[in-house]
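**Student:** Quick one, target.cif (mmCIF, C-alpha atoms):
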```
data_model
#
loop_
_atom_site.group_PDB
_atom_site.id
_atom_site.type_symbol
_atom_site.label_atom_id
_atom_site.label_comp_id
_atom_site.auth_asym_id
_atom_site.auth_seq_id
_atom_site.Cartn_x
_atom_site.Cartn_y
_atom_site.Cartn_z
ATOM 1 C CA MET A 1 0.000 0.000 0.000
ATOM 2 C CA ASP A 2 1.431 3.391 -0.930
ATOM 3 C CA GLU A 3 0.881 6.831 0.541
ATOM 4 C CA LYS A 4 -1.776 7.732 -2.041
ATOM 5 C CA ASP A 5 -3.874 4.608 -1.298
ATOM 6 C CA ALA A 6 -3.569 5.176 2.458
ATOM 7 C CA LEU A 7 -4.688 8.782 2.086
ATOM 8 C CA LYS A 8 -7.696 7.715 0.036
ATOM 9 C CA ASP A 9 -8.590 5.003 2.585
ATOM 10 C CA ILE A 10 -8.420 7.495 5.459
ATOM 11 C CA ALA A 11 -10.637 9.953 3.557
ATOM 12 C CA ASP A 12 -13.160 7.166 2.781
ATOM 13 C CA ILE A 13 -13.198 5.985 6.394
ATOM 14 C CA LYS A 14 -13.729 9.517 7.720
ATOM 15 C CA ALA A 15 -16.531 10.214 5.232
ATOM 16 C CA LEU A 16 -18.272 6.957 6.102
ATOM 17 C CA MET A 17 -17.930 7.524 9.850
ATOM 18 C CA ARG A 18 -19.246 11.074 9.568
ATOM 19 C CA GLY A 19 -22.221 9.968 7.478
ATOM 20 C CA THR A 20 -23.080 7.036 9.754
ATOM 21 C CA ALA A 21 -22.797 9.114 12.919
ATOM 22 C CA THR A 22 -25.157 11.798 11.625
ATOM 23 C CA ARG A 23 -27.691 9.247 10.363
ATOM 24 C CA ILE A 24 -27.600 7.383 13.699
ATOM 25 C CA ASN A 25 -28.151 10.635 15.581
ATOM 26 C CA ARG A 26 -30.866 11.727 13.165
ATOM 27 C CA ASN A 27 -33.709 10.183 15.165
ATOM 28 C CA ALA A 28 -32.797 12.314 18.175
ATOM 29 C CA GLY A 29 -33.918 15.283 16.070
ATOM 30 C CA TRP A 30 -37.566 14.375 16.533
ATOM 31 C CA PHE A 31 -37.260 14.605 20.339
ATOM 32 C CA PHE A 32 -35.823 18.114 20.056
ATOM 33 C CA ILE A 33 -38.548 19.128 17.587
ATOM 34 C CA VAL A 34 -41.326 17.868 19.906
ATOM 35 C CA TRP A 35 -39.900 19.570 22.996
ATOM 36 C CA GLY A 36 -38.984 22.695 21.009
ATOM 37 C CA ILE A 37 -42.612 23.119 19.936
ATOM 38 C CA ILE A 38 -43.964 22.380 23.430
ATOM 39 C CA TRP A 39 -41.408 24.725 24.985
ATOM 40 C CA THR A 40 -42.204 27.595 22.615
ATOM 41 C CA ILE A 41 -45.989 27.181 22.896
ATOM 42 C CA GLY A 42 -45.733 26.886 26.692
ATOM 43 C CA PHE A 43 -43.661 29.991 27.312
ATOM 44 C CA VAL A 44 -45.322 32.189 24.706
ATOM 45 C CA THR A 45 -48.640 31.213 26.336
ATOM 46 C CA THR A 46 -47.122 31.998 29.748
ATOM 47 C CA GLN A 47 -46.107 35.464 28.545
ATOM 48 C CA ILE A 48 -49.607 36.106 27.146
ATOM 49 C CA ILE A 49 -51.988 34.665 29.733
ATOM 50 C CA GLY A 50 -49.872 35.064 32.858
ATOM 51 C CA ASN A 51 -50.822 33.179 36.015
ATOM 52 C CA ASP A 52 -53.542 31.035 34.404
ATOM 53 C CA VAL A 53 -50.770 29.124 32.663
ATOM 54 C CA ARG A 54 -50.488 26.829 35.701
ATOM 55 C CA PHE A 55 -53.287 24.762 34.182
ATOM 56 C CA VAL A 56 -51.517 24.557 30.821
ATOM 57 C CA TRP A 57 -48.032 23.304 31.759
ATOM 58 C CA PRO A 58 -49.055 19.923 33.262
ATOM 59 C CA ILE A 59 -51.024 19.184 30.064
ATOM 60 C CA LEU A 60 -48.090 20.226 27.844
ATOM 61 C CA ASN A 61 -45.655 18.127 29.896
ATOM 62 C CA LEU A 62 -47.859 15.056 29.714
ATOM 63 C CA LEU A 63 -48.279 15.583 25.967
ATOM 64 C CA GLY A 64 -44.489 15.843 25.546
ATOM 65 C CA LEU A 65 -43.877 12.727 27.618
ATOM 66 C CA GLY A 66 -46.491 10.779 25.660
ATOM 67 C CA LEU A 67 -44.934 11.804 22.336
ATOM 68 C CA SER A 68 -41.425 11.043 23.656
ATOM 69 C CA PHE A 69 -42.546 7.587 24.742
ATOM 70 C CA TYR A 70 -43.979 6.986 21.268
ATOM 71 C CA LEU A 71 -40.726 8.169 19.605
ATOM 72 C CA LEU A 72 -38.679 6.007 21.965
ATOM 73 C CA ARG A 73 -40.671 2.948 20.917
ATOM 74 C CA ARG A 74 -40.638 3.962 17.266
ATOM 75 C CA PHE A 75 -36.934 4.706 16.857
ATOM 76 C CA PHE A 76 -35.117 2.867 19.614
ATOM 77 C CA GLY A 77 -37.330 -0.152 20.030
ATOM 78 C CA LYS A 78 -38.286 -2.208 17.029
ATOM 79 C CA HIS A 79 -36.622 -0.151 14.300
ATOM 80 C CA GLY A 80 -33.741 1.364 16.260
ATOM 81 C CA GLY A 81 -30.439 2.385 14.755
ATOM 82 C CA GLN A 82 -28.038 2.813 17.628
ATOM 83 C CA MET A 83 -28.987 1.356 20.946
ATOM 84 C CA ILE A 84 -27.148 1.652 24.208
ATOM 85 C CA PRO A 85 -28.776 -0.930 26.467
ATOM 86 C CA GLY A 86 -31.060 0.813 28.925
ATOM 87 C CA LEU A 87 -30.026 4.372 27.965
ATOM 88 C CA GLY A 88 -33.332 5.387 26.359
ATOM 89 C CA ARG A 89 -35.222 4.083 29.388
ATOM 90 C CA ARG A 90 -32.902 5.869 31.827
ATOM 91 C CA ILE A 91 -33.238 9.197 29.992
ATOM 92 C CA PHE A 92 -37.024 8.788 29.744
ATOM 93 C CA LEU A 93 -37.207 8.065 33.497
ATOM 94 C CA ILE A 94 -35.127 11.177 34.250
ATOM 95 C CA PHE A 95 -37.573 13.322 32.254
ATOM 96 C CA ALA A 96 -40.700 11.576 33.572
ATOM 97 C CA GLY A 97 -39.480 11.667 37.204
ATOM 98 C CA THR A 98 -38.510 15.329 36.972
ATOM 99 C CA ALA A 99 -41.834 16.255 35.334
ATOM 100 C CA ILE A 100 -43.767 14.555 38.147
ATOM 101 C CA PHE A 101 -41.467 16.197 40.712
ATOM 102 C CA GLY A 102 -42.129 19.595 39.084
ATOM 103 C CA ILE A 103 -45.892 19.103 39.163
ATOM 104 C CA LEU A 104 -45.709 18.080 42.849
ATOM 105 C CA VAL A 105 -43.539 21.075 43.747
ATOM 106 C CA GLY A 106 -45.925 23.364 41.876
ATOM 107 C CA VAL A 107 -48.974 21.985 43.677
ATOM 108 C CA LEU A 108 -47.516 21.469 47.178
ATOM 109 C CA PHE A 109 -45.687 24.800 47.327
ATOM 110 C CA GLY A 110 -48.584 26.668 45.757
ATOM 111 C CA ILE A 111 -46.532 28.005 42.862
ATOM 112 C CA SER A 112 -48.988 29.977 40.789
ATOM 113 C CA SER A 113 -47.391 33.109 39.392
ATOM 114 C CA ALA A 114 -46.288 33.035 35.769
ATOM 115 C CA GLU A 115 -42.764 34.053 36.740
ATOM 116 C CA ASP A 116 -42.354 31.277 39.328
ATOM 117 C CA ILE A 117 -43.835 28.681 36.968
ATOM 118 C CA THR A 118 -41.421 29.802 34.255
ATOM 119 C CA LEU A 119 -38.430 29.512 36.565
ATOM 120 C CA LEU A 120 -39.580 26.118 37.861
ATOM 121 C CA VAL A 121 -40.027 24.686 34.358
ATOM 122 C CA VAL A 122 -36.740 26.099 33.011
ATOM 123 C CA LEU A 123 -34.643 25.054 36.015
ATOM 124 C CA LEU A 124 -36.110 21.541 36.071
ATOM 125 C CA SER A 125 -35.712 21.180 32.300
ATOM 126 C CA GLY A 126 -32.084 22.263 32.669
ATOM 127 C CA LEU A 127 -31.674 19.626 35.382
ATOM 128 C CA CYS A 128 -33.156 16.954 33.057
ATOM 129 C CA TYR A 129 -30.686 17.752 30.292
ATOM 130 C CA PHE A 130 -27.787 17.994 32.716
ATOM 131 C CA MET A 131 -28.578 14.520 34.099
ATOM 132 C CA ALA A 132 -29.150 13.163 30.578
ATOM 133 C CA GLY A 133 -25.645 14.442 29.764
ATOM 134 C CA ILE A 134 -24.239 12.457 32.673
ATOM 135 C CA VAL A 135 -25.806 9.125 31.662
ATOM 136 C CA GLY A 136 -25.805 9.719 27.869
ATOM 137 C CA PRO A 137 -24.385 12.062 25.216
ATOM 138 C CA ALA A 138 -22.317 14.756 26.967
ATOM 139 C CA LYS A 139 -23.667 17.535 24.712
ATOM 140 C CA ASN A 140 -26.814 17.515 26.868
ATOM 141 C CA LEU A 141 -24.756 18.894 29.758
ATOM 142 C CA TYR A 142 -24.241 22.126 27.825
ATOM 143 C CA LEU A 143 -27.934 22.312 26.990
ATOM 144 C CA GLY A 144 -28.722 22.084 30.720
ATOM 145 C CA LEU A 145 -26.236 24.854 31.496
ATOM 146 C CA LEU A 146 -27.693 27.023 28.705
ATOM 147 C CA LEU A 147 -31.214 26.701 30.138
ATOM 148 C CA TRP A 148 -30.017 27.582 33.638
ATOM 149 C CA ALA A 149 -28.142 30.596 32.227
ATOM 150 C CA ALA A 150 -31.265 31.726 30.301
ATOM 151 C CA ALA A 151 -33.331 31.520 33.512
ATOM 152 C CA LEU A 152 -30.753 33.517 35.479
ATOM 153 C CA VAL A 153 -30.143 36.219 32.867
ATOM 154 C CA GLY A 154 -33.846 36.519 31.988
ATOM 155 C CA ARG A 155 -34.872 36.795 35.662
ATOM 156 C CA LEU A 156 -32.208 39.379 36.576
ATOM 157 C CA ALA A 157 -32.148 41.494 33.408
ATOM 158 C CA PHE A 158 -35.666 41.297 31.925
ATOM 159 C CA PRO A 159 -38.082 40.004 34.611
ATOM 160 C CA SER A 160 -41.198 41.236 32.758
ATOM 161 C CA TYR A 161 -40.233 39.322 29.627
ATOM 162 C CA LEU A 162 -38.769 36.236 31.299
ATOM 163 C CA PRO A 163 -41.167 33.726 29.635
ATOM 164 C CA LEU A 164 -40.626 35.301 26.226
ATOM 165 C CA ILE A 165 -36.847 35.229 26.624
ATOM 166 C CA VAL A 166 -36.722 31.551 27.605
ATOM 167 C CA ALA A 167 -39.226 30.787 24.816
ATOM 168 C CA ILE A 168 -36.856 32.345 22.284
ATOM 169 C CA VAL A 169 -33.574 30.969 23.709
ATOM 170 C CA GLY A 170 -34.829 27.453 24.504
ATOM 171 C CA GLY A 171 -37.227 27.162 21.559
ATOM 172 C CA ALA A 172 -34.621 28.289 19.037
ATOM 173 C CA THR A 173 -32.028 25.936 20.538
ATOM 174 C CA PHE A 174 -34.296 22.869 20.624
ATOM 175 C CA LEU A 175 -35.792 23.477 17.179
ATOM 176 C CA GLY A 176 -32.387 24.355 15.713
ATOM 177 C CA LEU A 177 -30.849 21.172 17.086
ATOM 178 C CA GLY A 178 -33.828 19.121 15.890
ATOM 179 C CA ILE A 179 -33.740 20.532 12.375
ATOM 180 C CA SER A 180 -29.956 20.157 12.139
ATOM 181 C CA PHE A 181 -30.229 16.478 13.147
ATOM 182 C CA LEU A 182 -33.038 15.867 10.662
ATOM 183 C CA LEU A 183 -31.060 17.544 7.891
ATOM 184 C CA ARG A 184 -28.186 15.254 8.838
ATOM 185 C CA ARG A 185 -25.908 18.086 9.779
ATOM 186 C CA GLU A 186 -23.902 18.431 12.950
ATOM 187 C CA LEU A 187 -23.718 21.709 14.823
ATOM 188 C CA MET B 1 0.145 -5.374 9.234
ATOM 189 C CA ASN B 2 -0.903 -7.922 11.840
ATOM 190 C CA GLY B 3 -3.708 -10.509 11.458
ATOM 191 C CA ASP B 4 -6.487 -8.188 12.640
ATOM 192 C CA SER B 5 -5.365 -5.373 10.343
ATOM 193 C CA LEU B 6 -5.188 -7.706 7.366
ATOM 194 C CA LEU B 7 -8.736 -8.868 8.108
ATOM 195 C CA ILE B 8 -9.973 -5.269 8.404
ATOM 196 C CA HIS B 9 -8.091 -4.183 5.267
ATOM 197 C CA GLN B 10 -10.637 -5.916 2.993
ATOM 198 C CA PRO B 11 -12.811 -3.006 1.669
ATOM 199 C CA THR B 12 -16.201 -4.359 2.751
ATOM 200 C CA ARG B 13 -14.994 -5.284 6.227
ATOM 201 C CA LEU B 14 -13.270 -1.913 6.499
ATOM 202 C CA ARG B 15 -16.622 -0.202 5.836
ATOM 203 C CA ILE B 16 -18.332 -2.376 8.460
ATOM 204 C CA MET B 17 -15.669 -1.580 11.054
ATOM 205 C CA ALA B 18 -15.713 2.155 10.200
ATOM 206 C CA ALA B 19 -19.496 2.338 10.549
ATOM 207 C CA LEU B 20 -19.510 0.448 13.853
ATOM 208 C CA SER B 21 -16.641 2.513 15.264
ATOM 209 C CA THR B 22 -18.936 5.569 15.239
ATOM 210 C CA LEU B 23 -21.101 3.983 17.936
ATOM 211 C CA GLU B 24 -20.620 4.950 21.516
ATOM 212 C CA GLU B 25 -18.965 2.325 23.689
ATOM 213 C CA GLY B 26 -21.447 -0.341 24.735
ATOM 214 C CA ALA B 27 -23.848 0.589 21.916
ATOM 215 C CA LYS B 28 -25.056 -1.768 19.201
ATOM 216 C CA VAL B 29 -26.902 -1.452 15.891
ATOM 217 C CA ASP B 30 -29.616 -3.417 14.231
ATOM 218 C CA PHE B 31 -28.382 -5.723 11.431
ATOM 219 C CA THR B 32 -30.997 -4.324 9.016
ATOM 220 C CA PHE B 33 -29.961 -0.754 9.826
ATOM 221 C CA LEU B 34 -26.336 -1.674 9.091
ATOM 222 C CA SER B 35 -27.157 -3.369 5.767
ATOM 223 C CA GLU B 36 -29.147 -0.282 4.694
ATOM 224 C CA GLU B 37 -26.430 2.049 5.929
ATOM 225 C CA LEU B 38 -23.709 0.229 3.976
ATOM 226 C CA GLU B 39 -25.997 -0.520 1.011
ATOM 227 C CA MET B 40 -25.104 -4.192 1.191
ATOM 228 C CA THR B 41 -27.227 -7.277 0.718
ATOM 229 C CA GLU B 42 -27.975 -9.127 3.941
ATOM 230 C CA GLY B 43 -26.170 -12.242 2.654
ATOM 231 C CA ASN B 44 -22.980 -10.363 1.819
ATOM 232 C CA LEU B 45 -23.020 -8.445 5.085
ATOM 233 C CA SER B 46 -23.702 -11.618 7.022
ATOM 234 C CA SER B 47 -20.673 -13.442 5.631
ATOM 235 C CA HIS B 48 -18.281 -10.594 6.460
ATOM 236 C CA ILE B 49 -19.768 -10.141 9.897
ATOM 237 C CA ARG B 50 -19.248 -13.831 10.597
ATOM 238 C CA LYS B 51 -15.532 -13.521 9.749
ATOM 239 C CA LEU B 52 -15.127 -10.490 11.978
ATOM 240 C CA GLU B 53 -17.048 -12.212 14.767
ATOM 241 C CA GLU B 54 -14.888 -15.336 14.501
ATOM 242 C CA ALA B 55 -11.809 -13.118 14.856
ATOM 243 C CA GLY B 56 -13.291 -11.630 18.047
ATOM 244 C CA LEU B 57 -13.663 -8.139 16.567
ATOM 245 C CA LEU B 58 -17.470 -8.050 16.600
ATOM 246 C CA ASN B 59 -20.143 -9.213 18.970
ATOM 247 C CA VAL B 60 -23.347 -10.561 17.418
ATOM 248 C CA GLU B 61 -26.458 -10.913 19.556
ATOM 249 C CA LYS B 62 -29.594 -12.602 18.258
ATOM 250 C CA VAL B 63 -32.802 -11.895 20.136
ATOM 251 C CA PHE B 64 -36.550 -12.023 19.598
ATOM 252 C CA VAL B 65 -38.588 -8.818 19.786
ATOM 253 C CA ASP B 66 -42.345 -9.329 19.610
ATOM 254 C CA ARG B 67 -41.659 -12.854 18.334
ATOM 255 C CA LYS B 68 -39.579 -11.514 15.442
ATOM 256 C CA PRO B 69 -35.857 -12.282 15.206
ATOM 257 C CA LYS B 70 -33.536 -9.317 15.570
ATOM 258 C CA THR B 71 -29.753 -9.210 15.338
ATOM 259 C CA TRP B 72 -27.653 -6.636 17.149
ATOM 260 C CA ILE B 73 -24.080 -5.956 16.034
ATOM 261 C CA ALA B 74 -21.421 -4.229 18.127
ATOM 262 C CA LEU B 75 -17.659 -3.803 18.151
ATOM 263 C CA THR B 76 -15.825 -5.680 20.887
ATOM 264 C CA VAL B 77 -13.154 -3.871 22.882
ATOM 265 C CA ARG B 78 -10.570 -5.751 20.845
ATOM 266 C CA GLY B 79 -12.349 -4.766 17.621
ATOM 267 C CA ARG B 80 -12.301 -1.093 18.567
ATOM 268 C CA GLN B 81 -8.588 -1.287 19.397
ATOM 269 C CA ALA B 82 -7.838 -3.172 16.173
ATOM 270 C CA PHE B 83 -9.644 -0.553 14.089
ATOM 271 C CA SER B 84 -7.826 2.311 15.833
ATOM 272 C CA ARG B 85 -4.525 0.524 15.223
ATOM 273 C CA TYR B 86 -5.407 0.041 11.556
ATOM 274 C CA VAL B 87 -6.179 3.752 11.112
ATOM 275 C CA GLU B 88 -2.924 4.630 12.896
ATOM 276 C CA GLU B 89 -1.047 2.397 10.469
ATOM 277 C CA LEU B 90 -2.630 4.226 7.537
ATOM 278 C CA GLU B 91 -1.719 7.568 9.064
ATOM 279 C CA LYS B 92 1.867 6.404 9.513
ATOM 280 C CA ILE B 93 2.026 5.556 5.830
ATOM 281 C CA VAL B 94 0.657 8.968 4.926
ATOM 282 C CA ARG B 95 3.220 10.649 7.136
ATOM 283 C CA GLY B 96 5.893 8.593 5.437
ATOM 284 C CA ALA B 97 6.972 7.052 8.729
ATOM 285 C CA GLY B 98 5.617 3.634 7.880
ATOM 286 C CA GLN B 99 7.092 3.230 4.416
ATOM 287 C CA GLY B 100 8.251 -0.303 3.785
ATOM 288 C CA GLU B 101 6.224 -1.798 6.637
ATOM 289 C CA LEU B 102 3.292 -2.920 4.479
#
```
How does this structure look as structure tokens?
**Tutor:**
Amino acid sequence: MDEKDALKDIADIKALMRGTATRINRNAGWFFIVWGIIWTIGFVTTQIIGNDVRFVWPILNLLGLGLSFYLLRRFFGKHGGQMIPGLGRRIFLIFAGTAIFGILVGVLFGISSAEDITLLVVLLSGLCYFMAGIVGPAKNLYLGLLLWAAALVGRLAFPSYLPLIVAIVGGATFLGLGISFLLRREL
Amino acid sequence: MNGDSLLIHQPTRLRIMAALSTLEEGAKVDFTFLSEELEMTEGNLSSHIRKLEEAGLLNVEKVFVDRKPKTWIALTVRGRQAFSRYVEELEKIVRGAGQGEL
């Protein structure tokens, strides 16, 4: 084998690995799309209707979990590409457990103002992604940190527009990630 | 090249190893997904996978899901190391340091 053949082999290997990796990750795009839409609808609604949004978030969370469960079965069950044994279930349990925890905190602590609900949802969502980054793909860690930062900056700098700010930051990030995965591109 | 590298050097097996090396450690892929990904017939893929499995580079797991057979393919630790070594050997050639070794 000469230098030219080796160079060609390396280029072929890299192209194949890049293509396979993006196609394997592609299914994750649907999860980001679902949560991006729920996130944007939820926080834009919070900004518009204010405190009455406390009745909306539990419904949106349950809808998101139901759709995530369906996607989990669809992509990582029978027809799955990449499968890390137990990972999908662990990540789903992190999200489901945190959603239930959030609903309980909201009810038991009487959280009812739009601002407090926004902070609760953003901080708990950040926690979900941070934990998902510990047990799964590390990129989720950064997503968790971004959500926490959005909550902090939005609360301190623009308290009146906090829901709108997290809707834009989180929604754009989730939808952007989802679309980039579906278009088979890596950010 | 050692025995593992010679086995991997075959173009079809090289493609299989390259595709599987993109998985995270401990992850596996569906046989059908892999055949679609590599645009290979199931028979052709199967024969190369068997050779790599016999050499201890791949792990093949056959299970039933909803009463339908399903085959999971994954790199073994040795397979991952062998592939990394193979790529390093190619890079050595490119750098000119490995001239005369192959």
**Student:** Using all atoms listed in the file, can you tell me which of B:Glu24, B:Glu61, B:Ala19, B:Lys68 comes closest to B:Glu37?
**Tutor:**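 Using all atoms listed in the file, the shortest distance to B:Glu37 belongs to B:Ala19.
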**Student:** Counting all atoms listed in the file, which residues of chain B sit at most 10 Å from some atom of chain A, and what is each one's closest atom pair with its distance in Å to one decimal, listed by chain and rising residue number, as a tab-separated table?
**Tutor:**
```
residue	atom	partner	partner_atom	distance
B:His9	CA	A:Asp9	CA	9.6
B:Pro11	CA	A:Asp9	CA	9.1
B:Leu14	CA	A:Ile13	CA	7.9
B:Arg15	CA	A:Ile13	CA	7.1
B:Ile16	CA	A:Leu16	CA	9.6
B:Met17	CA	A:Ile13	CA	9.2
B:Ala18	CA	A:Met17	CA	5.8
B:Ala19	CA	A:Met17	CA	5.5
B:Leu20	CA	A:Met17	CA	8.3
B:Ser21	CA	A:Met17	CA	7.5
B:Thr22	CA	A:Ala21	CA	5.7
B:Leu23	CA	A:Gln82	CA	7.0
B:Glu24	CA	A:Ile84	CA	7.8
B:Glu25	CA	A:Ile84	CA	8.2
B:Gly26	CA	A:Ile84	CA	6.1
B:Ala27	CA	A:Ile84	CA	4.2
B:Lys28	CA	A:Met83	CA	5.3
B:Val29	CA	A:Gln82	CA	4.7
B:Asp30	CA	A:Gly81	CA	5.9
B:Phe31	CA	A:Gly81	CA	9.0
B:Thr32	CA	A:His79	CA	8.8
B:Phe33	CA	A:Gly81	CA	5.9
B:Leu34	CA	A:Gly81	CA	8.1
B:Glu37	CA	A:Thr20	CA	7.1
B:Leu38	CA	A:Leu16	CA	8.9
B:Val65	CA	A:Lys78	CA	7.2
B:Asp66	CA	A:Lys78	CA	8.6
B:Lys68	CA	A:Lys78	CA	9.5
B:Lys70	CA	A:Lys78	CA	8.7
B:Trp72	CA	A:Met83	CA	8.9
B:Ile73	CA	A:Gln82	CA	9.8
B:Ala74	CA	A:Gln82	CA	9.7
B:Val87	CA	A:Ile10	CA	7.1
B:Glu88	CA	A:Ile10	CA	9.7
B:Glu89	CA	A:Ala6	CA	8.8
B:Leu90	CA	A:Ala6	CA	5.3
B:Glu91	CA	A:Ala6	CA	7.3
B:Lys92	CA	A:Ala6	CA	9.0
B:Ile93	CA	A:Glu3	CA	5.6
B:Val94	CA	A:Glu3	CA	4.9
B:Arg95	CA	A:Glu3	CA	8.0
B:Gly96	CA	A:Glu3	CA	7.2
B:Gly98	CA	A:Glu3	CA	9.3
B:Gln99	CA	A:Asp2	CA	7.8
B:Gly100	CA	A:Asp2	CA	9.1
B:Glu101	CA	A:Met1	CA	9.3
B:Leu102	CA	A:Met1	CA	6.3
```
**Student:** Around (-34.6, 15.5, 17.2) in the file's frame, which residues reach within 8 Å when counting all atoms listed in the file? Return as a VMD selection string?
**Tutor:** chain A and resid 26 to 34 177 to 179 181 to 182
**Student:** How would the residues just picked look written out with C-alpha atoms as a PDB file, keeping the file's coordinate frame?
**Tutor:**
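Saved to selection_2.pdb:
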```pdb
ATOM      1  CA  ARG A  26     -30.866  11.727  13.165  1.00  0.00           C
ATOM      2  CA  ASN A  27     -33.709  10.183  15.165  1.00  0.00           C
ATOM      3  CA  ALA A  28     -32.797  12.314  18.175  1.00  0.00           C
ATOM      4  CA  GLY A  29     -33.918  15.283  16.070  1.00  0.00           C
ATOM      5  CA  TRP A  30     -37.566  14.375  16.533  1.00  0.00           C
ATOM      6  CA  PHE A  31     -37.260  14.605  20.339  1.00  0.00           C
ATOM      7  CA  PHE A  32     -35.823  18.114  20.056  1.00  0.00           C
ATOM      8  CA  ILE A  33     -38.548  19.128  17.587  1.00  0.00           C
ATOM      9  CA  VAL A  34     -41.326  17.868  19.906  1.00  0.00           C
ATOM     10  CA  LEU A 177     -30.849  21.172  17.086  1.00  0.00           C
ATOM     11  CA  GLY A 178     -33.828  19.121  15.890  1.00  0.00           C
ATOM     12  CA  ILE A 179     -33.740  20.532  12.375  1.00  0.00           C
ATOM     13  CA  PHE A 181     -30.229  16.478  13.147  1.00  0.00           C
ATOM     14  CA  LEU A 182     -33.038  15.867  10.662  1.00  0.00           C
TER      15      LEU A 182
END
```
**Student:** Which residues match the PyMOL selection byres ((chain A and resi 51) around 7) in the file above, as a count of residues only?
**Tutor:** 8
**Student:** Just the residues within 8 Å of stretch 139-145 of chain A, please, counting all atoms listed in the file, with nothing from its chain fewer than 4 positions along; format it as a list in words.
**Tutor:** Ser125, Gly126, Leu127, Cys128, Tyr129, Phe130, Met131, Ala132, Gly133, Ile134 and Ala149 of chain A
